[in-house]
Amino acid sequence: MDLNITMDPRKVGILINKLRTQKQMTQKQLAEKLGVTDKAVSKWERGECCPDISLMLMMRDLFNVEIEDLMQGNIPESVQKDQSRNKIRLYDFKRPSIFSKYELRSIAILFELLSHRLETEFSKIFDSSCAVSLVCVDELTCEEFIRSIPQSCFLYNYSYNEPGFAIQVDTSIGKRLIKQNCAEYPKVTAFDLEVLKHFFIDEVARQLQEAIYNKTDKSVPKEKLYREFTASGDHYLVLDQNGSSMCCLVTLECSVGNDKAMLNFQFNKDYFKRLLKNTGFFANEKQLKTLSNIKKAANHNTFVEFGRFSDEEMTFSPDEVIVLDRNCSQGVMLVYNNKLIGDGEAVFISDSSMDAPNWGIRMKRIADKEIIFDEKDYIAVRLASRICSDEEIQKVEEGSVLEMADPMRNPVAIIKNGKKVAHGEIVICGENFGVRINE
């Protein structure tokens with residue numbers, strides 16, 4: 001083993017992230033196994049620093065890879081092969097998947113263009129070479145974003161909750177932009193925040209929103225899409241966010257001379273999913289339309305649901321949240337020809353060729369008594385469906401996985417007395433599932 005290998009923090013971080021996600025581990029779970037904090041794992045994966053050799057040896061045994069591969073950031077062949085096979089992963093409703101691969105790619109393309117523009121802006125300010133490159137486009141909870149950023153940094157809120165976005169600049173690059181020595185003046189003051197906003201951040205926000213508007217079909221006036229600055233600070237409290245809600249994170253790496261730092265753009269999920277809906281920002285949104293087989297829904301006889309509930313003359317309105325009488329620990333249920341088969345975990349099944357994975361269920365418990373849903377008046381919250389035969393259902397047992405026909409990005413259906421009456425998204429309300437009505 002050659003311990004004199006020069007490690008590239010960015011390559012090592014990418015490899016650690018791939019190994020961790022392949023094991024379906026969170027940053028916190030990996031941190032607990034290594035005896036470090038989840039913030040340390042976050043720093044590794046962001047390429048800010050590398051773990052020491054003792055931790056590398058522990059990860060070698062944990063992930064069953066060669067230590068040289070870990071230290072050099074080389075992706076082992078076993079990891080590459082695993083990425084080409086079908087994957088079955090547990091779906092976390094506290095951290096739902098919001099964006100399709102196509103949507104994330106569209107956002108990435110936008111920021112590739114913006115990176116080149118920012119390089120030009122940096123070159124006007126710095127007297128040394130600079131580069132701005134896209135590191136990642138991802139979806140995560142607001143809490144995960146807050147935990148990933150330094151405790152003190154430059155933070156700017158552009159109407160995040162309206163919905164809008166926030167911009168976070170690492171202290172080191174922020175101080176250089178305002179011509180301060182970070183080592184001599186490490187604290188971010190109110191004056192620093194205002195100077196950086198006036199000379200740089202406002203221009204970044206303007207260029208960002210101009211680029212987004214230019215990607216639309218101009219059917220919505222620019223002023224309705226434009227988001228105003230609302231607050232700034234050196235601490236996450238300035239963002240005033242719901243920690244459990246999802247967001248889209250875009251990270252750019254800014255290199256100035258020998259210094260590297262991160263520039264993060266955090267978008268409220270509704271910025272892309274609602275504000276920009278039907279504006280043509282996602283080009284295939286208007287180009288691709290689907291005609292459904294008129295018999296398809298009627299023919300489906302197998303459903304993954306969150307329960308069947310009594311119809312209490314309930315009506316549904318957009319944005320309201322309905323708490324379901326079903327504990328999260330119960331998971332989802334499999335219903336075949338109106339008969340309860342059992343309970344299980346919602347999973348998503350994908351391969352490298354799929355833009356959106358399909359829903360599935362991994363069975364945890366088979367019903368020990370017959371339960372027939374023969375009520376004429378009921379409400380069901382339905383995740384997915386498919387056609388099954390008696391033979392297929394007879395093979396279902398604890399631990400088996402049954403793939404559904406519905407893509408994961410499809411909204412949850414609200415069924416009332418056999419008819420679809422609304423769409424929504426699953427949320428967590430305390431210990432219970434809930435559904436937020438979308439339309």
# chains A, B, ... in the order shown; residues from 1 in each chain; ligands from 1

call {"tool": "residues_around", "arguments": {"residues": "Ile322 of chain A", "least_positions_apart": "4", "cutoff": "7 Å", "atoms": "only C-alpha atoms", "output": "list in words"}}
result
Gly434, Val435 and Arg436 of chain A

call {"tool": "closest_atom_pairs", "arguments": {"of": "segment 172-195 of chain A", "to": "segment 225-241 of chain A", "cutoff": "8 Å", "atoms": "only C-alpha atoms", "output": "JSON lines"}}
result
{"residue": "A:Val188", "atom": "CA", "partner": "A:Asp234", "partner_atom": "CA", "distance": 6.2}
{"residue": "A:Thr189", "atom": "CA", "partner": "A:Asp234", "partner_atom": "CA", "distance": 7.7}
{"residue": "A:Ala190", "atom": "CA", "partner": "A:Gly233", "partner_atom": "CA", "distance": 7.2}
{"residue": "A:Leu193", "atom": "CA", "partner": "A:Ser232", "partner_atom": "CA", "distance": 6.8}

call {"tool": "write_last_selection", "arguments": {"atoms": "N, CA and C atoms", "output": "PDB file, in the first residue's frame"}}
result
ATOM      1  N   VAL A 188     -18.114  37.670   9.412  1.00  0.00           N
ATOM      2  CA  VAL A 188     -18.954  38.293   8.377  1.00  0.00           C
ATOM      3  C   VAL A 188     -19.842  39.323   9.053  1.00  0.00           C
ATOM      4  N   THR A 189     -19.636  40.576   8.744  1.00  0.00           N
ATOM      5  CA  THR A 189     -20.401  41.660   9.371  1.00  0.00           C
ATOM      6  C   THR A 189     -21.558  42.096   8.476  1.00  0.00           C
ATOM      7  N   ALA A 190     -22.450  42.898   9.047  1.00  0.00           N
ATOM      8  CA  ALA A 190     -23.569  43.440   8.277  1.00  0.00           C
ATOM      9  C   ALA A 190     -23.054  44.301   7.131  1.00  0.00           C
ATOM     10  N   LEU A 193     -21.919  42.005   4.320  1.00  0.00           N
ATOM     11  CA  LEU A 193     -23.076  41.463   3.596  1.00  0.00           C
ATOM     12  C   LEU A 193     -23.629  42.471   2.602  1.00  0.00           C
TER      13      LEU A 193
END

call {"tool": "residues_around", "arguments": {"residues": "Phe267 of chain A", "least_positions_apart": "3", "cutoff": "9 Å", "atoms": "only C-alpha atoms", "output": "list in words"}}
result
Tyr160, Pro163, Gly164, Phe165, Ala166, Ile167, Cys247, Cys248, Leu249, Val250, Asp270, Tyr271 and Phe272 of chain A

call {"tool": "residues_around", "arguments": {"residues": "Lys175 of chain A", "least_positions_apart": "4", "cutoff": "9 Å", "atoms": "only C-alpha atoms", "output": "MDAnalysis selection string"}}
result
chainID A and resid 170:171 179:182 185:186 188 192 196

call {"tool": "write_last_selection", "arguments": {"atoms": "C-alpha atoms", "output": "mmCIF file, in the first residue's frame"}}
result
data_model
loop_
_atom_site.group_PDB
_atom_site.id
_atom_site.type_symbol
_atom_site.label_atom_id
_atom_site.label_comp_id
_atom_site.auth_asym_id
_atom_site.auth_seq_id
_atom_site.Cartn_x
_atom_site.Cartn_y
_atom_site.Cartn_z
ATOM 1 C CA ASP A 170 -18.482 30.589 1.412
ATOM 2 C CA THR A 171 -16.714 33.125 3.602
ATOM 3 C CA LYS A 179 -11.167 42.823 -1.053
ATOM 4 C CA GLN A 180 -10.787 41.613 2.541
ATOM 5 C CA ASN A 181 -8.258 39.207 4.018
ATOM 6 C CA CYS A 182 -10.306 36.353 5.462
ATOM 7 C CA TYR A 185 -11.136 39.535 9.249
ATOM 8 C CA PRO A 186 -12.900 36.122 9.559
ATOM 9 C CA VAL A 188 -18.954 38.293 8.377
ATOM 10 C CA ASP A 192 -19.687 42.903 4.524
ATOM 11 C CA LEU A 196 -21.090 41.910 -1.381
#

call {"tool": "select_by_dssp", "arguments": {"residues": "segment 96-233 of chain A", "states": "strand (DSSP E)", "output": "list in words"}}
result
Cys130, Ala131, Val132, Ser133, Leu134, Val135, Cys136, Val137, Asp138, Glu139, Leu140, Thr141, Phe154, Leu155, Tyr156, Asn157, Tyr158, Phe165, Ala166, Ile167, Gln168, Val169, Ala231, Ser232 and Gly233 of chain A

call {"tool": "residues_around", "arguments": {"residues": "Asn358 of chain A", "least_positions_apart": "3", "cutoff": "8 Å", "atoms": "only C-alpha atoms", "output": "ChimeraX atom specification"}}
result
/A:348-350,403-408

call {"tool": "select_by_dssp", "arguments": {"residues": "segment 17-229 of chain A", "states": "helix (DSSP H, G or I)", "output": "ChimeraX atom specification"}}
result
/A:17-22,27-34,38-45,53-63,67-72,77-84,101-125,142-148,171-177,190-214,222-225

call {"tool": "atom_distance", "arguments": {"atom1": "atom CA of Leu30 of chain A", "atom2": "atom CA of Lys269 of chain A"}}
result
27.1 Å

call {"tool": "residues_around", "arguments": {"residues": "Lys277 of chain A", "least_positions_apart": "4", "cutoff": "12 Å", "atoms": "only C-alpha atoms", "output": "list in words"}}
result
Glu103, Thr216, Asp217, Ser219, Val220, Leu225, Lys269, Asp270, Tyr271, Phe272, Lys273, Phe281, Phe282, Ala283, Asn284, Glu285 and Lys286 of chain A

call {"tool": "atom_distance", "arguments": {"atom1": "atom CA of Gln168 of chain A", "atom2": "atom CA of Glu32 of chain A"}}
result
28.0 Å

call {"tool": "residues_around", "arguments": {"residues": "Glu112 of chain A", "least_positions_apart": "4", "cutoff": "7 Å", "atoms": "only C-alpha atoms", "output": "CSV table (one decimal) with N, CA, C and O atoms, in the first residue's frame"}}
result
chain,number,residue,atom,x,y,z
A,108,ALA,N,-29.2,21.8,-14.8
A,108,ALA,CA,-27.8,21.8,-14.9
A,108,ALA,C,-27.3,22.6,-16.1
A,108,ALA,O,-26.3,23.3,-16.1
A,116,HIS,N,-20.2,30.3,-17.0
A,116,HIS,CA,-19.3,31.1,-17.9
A,116,HIS,C,-19.5,32.6,-17.7
A,116,HIS,O,-18.5,33.3,-17.7
A,134,LEU,N,-19.7,23.9,-12.6
A,134,LEU,CA,-20.8,23.2,-11.9
A,134,LEU,C,-20.4,22.0,-11.2
A,134,LEU,O,-19.7,21.1,-11.8

call {"tool": "atom_distance", "arguments": {"atom1": "atom CA of Pro221 of chain A", "atom2": "atom CA of Glu203 of chain A"}}
result
20.3 Å

call {"tool": "closest_residue", "arguments": {"among": "A:Leu118, A:Ala40, A:Ala422, A:Leu57", "to": "Thr315 of chain A", "atoms": "only C-alpha atoms"}}
result
A:Ala422

call {"tool": "closest_residue", "arguments": {"among": "A:Ser42, A:Ser54, A:Ser97, A:Thr279", "to": "Trp359 of chain A", "atoms": "only C-alpha atoms"}}
result
A:Ser97

call {"tool": "closest_residue", "arguments": {"among": "A:Val65, A:Lys376, A:Asn264, A:Val256", "to": "Ala131 of chain A", "atoms": "only C-alpha atoms"}}
result
A:Val256

call {"tool": "closest_residue", "arguments": {"among": "A:Ala261, A:Ile428, A:Leu70, A:Leu252", "to": "Arg326 of chain A", "atoms": "only C-alpha atoms"}}
result
A:Ile428

call {"tool": "closest_residue", "arguments": {"among": "A:His423, A:Arg20, A:Arg10, A:Lys197", "to": "Asn410 of chain A", "atoms": "only C-alpha atoms"}}
result
A:His423

call {"tool": "closest_residue", "arguments": {"among": "A:Ser115, A:Ser317, A:Ser389, A:Thr302", "to": "Leu263 of chain A", "atoms": "only C-alpha atoms"}}
result
A:Ser115
